[in-house]
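Asker: Quick one: the structure is below, questions incoming.
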Amino acid sequence: MPGPVFRRGETVELRTVEEEDAAFLASVVNDPRVRAGTSMADPNSVDDEREWIDAMGDTDEAHFLVCVDAEPVGIVGVNAPNETWGTAELGYMLDPDDWGNGYATDAAREACGYAFETRRLHKVYAKVFETNPASARVLEKVGFREEGTLRGEAFVDGEHVDVTRFGLLADEWFAER
């Protein structure tokens with residue numbers, strides 16, 4: 001059973017990540033369709049995921065299990081912020097069986113709300129491989145703007161691909177609310 005609800009979106013709940021979620025997270029991150037859109041190159045075991053979950057309490061990161069009707073569909077997180085700059089990176093992964101339902105957009109929007117409203121960050125950014133246009137659409141729907149392209153930056157499925165960086169400023173976030 002997922003942990004308690006931390007934030008509610010229109011379609012998803014962001015819940016705490018619990019040790020019992022390790023098997024679900026390993027299945028998502030190891031799915032080739034998901035892994036191709038991330039910087040994960042090596043497989044993660046359930047034990048690897050448990051260690052990651054255990055280590056979360058020692059970091060300034062915030063990761064949430066994305067749930068629909070109390071069932072997990074993915075994970076979203078705001079990595080440890082650069083305290084001097086007030087910036088942090090957003091990341092998300094959803095089970096491919098749940099793609100196309102708007103869950104990633106809703107989860108990303110709620111994670112940004114947490115970053116700006118609770119953590120008082122100045123900027124949230126995200127990076128997208130050119131091979132993952134759906135992720136770019138998620139960010140654009142949340143209000144992110146394309147900031148630039150790192151040519152040939154990532155190595156995905158045997159080839160170098162461009163990585164586009166997107167950013168969202170707190171002022172832009174609050175202007176849309």
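Every chain in the structure tokens takes a letter, A first, then B, and so on in the order presented; its residues are numbered from 1, and the ligands are numbered from 1 following the presented order.
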Might you pull out every residue within 10 Å of range 53-58 of chain A, with only C-alpha atoms counted and same-chain residues fewer than 6 positions away left off, and present them as a ChimeraX atom specification?

Answerer: /A:17-22,47

Asker: Please return as number ranges by chain: the residues of range 9-146 of chain A that backbone DSSP assigns to alpha helix (DSSP H).

Answerer: A: 22-30, 32-35, 46-55, 103-113, 133-142

Asker: Got time to write the residues from that selection, C-alpha atoms, as an mmCIF file, in the first residue's frame?

Answerer:
data_model
loop_
_atom_site.group_PDB
_atom_site.id
_atom_site.type_symbol
_atom_site.label_atom_id
_atom_site.label_comp_id
_atom_site.auth_asym_id
_atom_site.auth_seq_id
_atom_site.Cartn_x
_atom_site.Cartn_y
_atom_site.Cartn_z
ATOM 1 C CA ALA A 22 10.712 -0.832 -4.447
ATOM 2 C CA ALA A 23 9.451 -3.680 -6.661
ATOM 3 C CA PHE A 24 7.106 -1.341 -8.554
ATOM 4 C CA LEU A 25 9.873 1.257 -9.042
ATOM 5 C CA ALA A 26 12.323 -1.401 -10.280
ATOM 6 C CA SER A 27 9.771 -2.638 -12.801
ATOM 7 C CA VAL A 28 9.224 0.890 -14.128
ATOM 8 C CA VAL A 29 12.871 1.975 -14.343
ATOM 9 C CA ASN A 30 13.911 -1.301 -15.988
ATOM 10 C CA PRO A 32 13.186 -0.458 -21.927
ATOM 11 C CA ARG A 33 10.549 2.077 -23.026
ATOM 12 C CA VAL A 34 11.086 4.079 -19.825
ATOM 13 C CA ARG A 35 14.845 3.643 -19.610
ATOM 14 C CA VAL A 46 14.567 -4.305 -6.127
ATOM 15 C CA ASP A 47 17.394 -4.129 -3.574
ATOM 16 C CA ASP A 48 18.907 -1.158 -5.471
ATOM 17 C CA GLU A 49 15.560 0.616 -5.259
ATOM 18 C CA ARG A 50 15.248 -0.183 -1.533
ATOM 19 C CA GLU A 51 18.706 1.316 -0.922
ATOM 20 C CA TRP A 52 17.710 4.434 -2.878
ATOM 21 C CA ILE A 53 14.494 4.751 -0.866
ATOM 22 C CA ASP A 54 16.418 4.318 2.411
ATOM 23 C CA ALA A 55 18.962 6.959 1.374
ATOM 24 C CA TYR A 103 -0.783 11.667 -15.270
ATOM 25 C CA ALA A 104 2.775 12.839 -15.990
ATOM 26 C CA THR A 105 1.572 16.388 -16.623
ATOM 27 C CA ASP A 106 -0.492 16.462 -13.448
ATOM 28 C CA ALA A 107 2.353 14.945 -11.400
ATOM 29 C CA ALA A 108 4.917 17.393 -12.820
ATOM 30 C CA ARG A 109 2.567 20.295 -12.119
ATOM 31 C CA GLU A 110 2.130 19.189 -8.490
ATOM 32 C CA ALA A 111 5.872 18.669 -8.024
ATOM 33 C CA CYS A 112 6.463 22.200 -9.330
ATOM 34 C CA GLY A 113 3.813 23.500 -6.965
ATOM 35 C CA PRO A 133 9.093 14.191 -27.449
ATOM 36 C CA ALA A 134 6.227 13.183 -25.135
ATOM 37 C CA SER A 135 8.259 14.364 -22.151
ATOM 38 C CA ALA A 136 8.835 17.735 -23.829
ATOM 39 C CA ARG A 137 5.057 18.063 -24.303
ATOM 40 C CA VAL A 138 4.515 17.348 -20.595
ATOM 41 C CA LEU A 139 6.849 20.175 -19.642
ATOM 42 C CA GLU A 140 5.323 22.599 -22.126
ATOM 43 C CA LYS A 141 1.831 21.880 -20.742
ATOM 44 C CA VAL A 142 3.085 22.706 -17.240
#

Asker: List the neighbours of range 154-168 of chain A out to 8 Å using only C-alpha atoms; skip same-chain residues closer than 3 positions along the sequence, and give me the result as JSON, numbers by chain.

Answerer: {"A": [36, 39, 123, 124, 125, 126, 127, 128, 129, 130, 131, 139, 143, 144, 145, 146, 147, 148, 149, 150, 151, 172, 173]}

Asker: Can you list, as a ChimeraX atom specification, every residue of range 19-157 of chain A that DSSP puts in strand (DSSP E)?

Answerer: /A:62-68,71-78,87-94,123-129,145-156

Asker: Could you turn the residues from that selection into a file that holds C-alpha atoms, as a PDB file, in the first residue's frame?

Answerer:
ATOM      1  CA  ALA A  62      11.813  15.203  -2.617  1.00  0.00           C
ATOM      2  CA  HIS A  63      10.430  12.217  -4.494  1.00  0.00           C
ATOM      3  CA  PHE A  64       6.806  11.178  -4.595  1.00  0.00           C
ATOM      4  CA  LEU A  65       4.996   8.067  -5.714  1.00  0.00           C
ATOM      5  CA  VAL A  66       2.454   9.078  -8.363  1.00  0.00           C
ATOM      6  CA  CYS A  67      -0.822   7.284  -7.684  1.00  0.00           C
ATOM      7  CA  VAL A  68      -4.255   7.097  -9.239  1.00  0.00           C
ATOM      8  CA  GLU A  71      -2.491   2.607  -7.085  1.00  0.00           C
ATOM      9  CA  PRO A  72       1.048   3.536  -8.177  1.00  0.00           C
ATOM     10  CA  VAL A  73       1.558   4.639 -11.774  1.00  0.00           C
ATOM     11  CA  GLY A  74       4.998   6.288 -11.504  1.00  0.00           C
ATOM     12  CA  ILE A  75       7.339   8.558  -9.619  1.00  0.00           C
ATOM     13  CA  VAL A  76       8.118  12.275  -9.727  1.00  0.00           C
ATOM     14  CA  GLY A  77      10.782  14.188  -7.910  1.00  0.00           C
ATOM     15  CA  VAL A  78      12.613  17.418  -7.335  1.00  0.00           C
ATOM     16  CA  THR A  87      17.212  25.945  -8.639  1.00  0.00           C
ATOM     17  CA  ALA A  88      16.415  22.246  -8.786  1.00  0.00           C
ATOM     18  CA  GLU A  89      15.883  19.599 -11.443  1.00  0.00           C
ATOM     19  CA  LEU A  90      12.525  17.912 -11.998  1.00  0.00           C
ATOM     20  CA  GLY A  91      12.313  14.262 -13.018  1.00  0.00           C
ATOM     21  CA  TYR A  92       9.470  11.816 -13.586  1.00  0.00           C
ATOM     22  CA  MET A  93       8.839   8.293 -14.824  1.00  0.00           C
ATOM     23  CA  LEU A  94       5.522   6.580 -15.421  1.00  0.00           C
ATOM     24  CA  LYS A 123      13.557  27.941 -10.870  1.00  0.00           C
ATOM     25  CA  VAL A 124      12.823  24.336 -11.760  1.00  0.00           C
ATOM     26  CA  TYR A 125      14.449  22.821 -14.823  1.00  0.00           C
ATOM     27  CA  ALA A 126      14.306  19.508 -16.663  1.00  0.00           C
ATOM     28  CA  LYS A 127      16.237  17.806 -19.432  1.00  0.00           C
ATOM     29  CA  VAL A 128      14.657  15.840 -22.270  1.00  0.00           C
ATOM     30  CA  PHE A 129      16.295  13.538 -24.813  1.00  0.00           C
ATOM     31  CA  ARG A 145      10.072  26.984 -21.787  1.00  0.00           C
ATOM     32  CA  GLU A 146      12.798  25.533 -23.950  1.00  0.00           C
ATOM     33  CA  GLU A 147      16.124  27.060 -22.922  1.00  0.00           C
ATOM     34  CA  GLY A 148      18.636  25.370 -25.172  1.00  0.00           C
ATOM     35  CA  THR A 149      19.940  22.197 -26.722  1.00  0.00           C
ATOM     36  CA  LEU A 150      23.036  20.261 -25.749  1.00  0.00           C
ATOM     37  CA  ARG A 151      24.065  18.654 -29.029  1.00  0.00           C
ATOM     38  CA  GLY A 152      24.963  14.955 -28.899  1.00  0.00           C
ATOM     39  CA  GLU A 153      24.983  15.109 -25.084  1.00  0.00           C
ATOM     40  CA  ALA A 154      23.425  11.724 -24.254  1.00  0.00           C
ATOM     41  CA  PHE A 155      24.106   8.187 -25.413  1.00  0.00           C
ATOM     42  CA  VAL A 156      20.811   6.321 -25.840  1.00  0.00           C
TER      43      VAL A 156
END

Asker: What is the CA of Glu176 in chain A to CA of Trp99 in chain A distance in Å?

Answerer: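 Atom-to-atom, CA of Glu176 in chain A and CA of Trp99 in chain A are spaced 25.4 Å apart.
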
Asker: With only C-alpha atoms as the atoms that count, which of A:Leu121, A:Arg15, A:Asn132, A:Glu83 lies nearest to Asp171 in chain A?

Answerer: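 Of the candidates, the smallest distance to Asp171 in chain A is held by A:Leu121.
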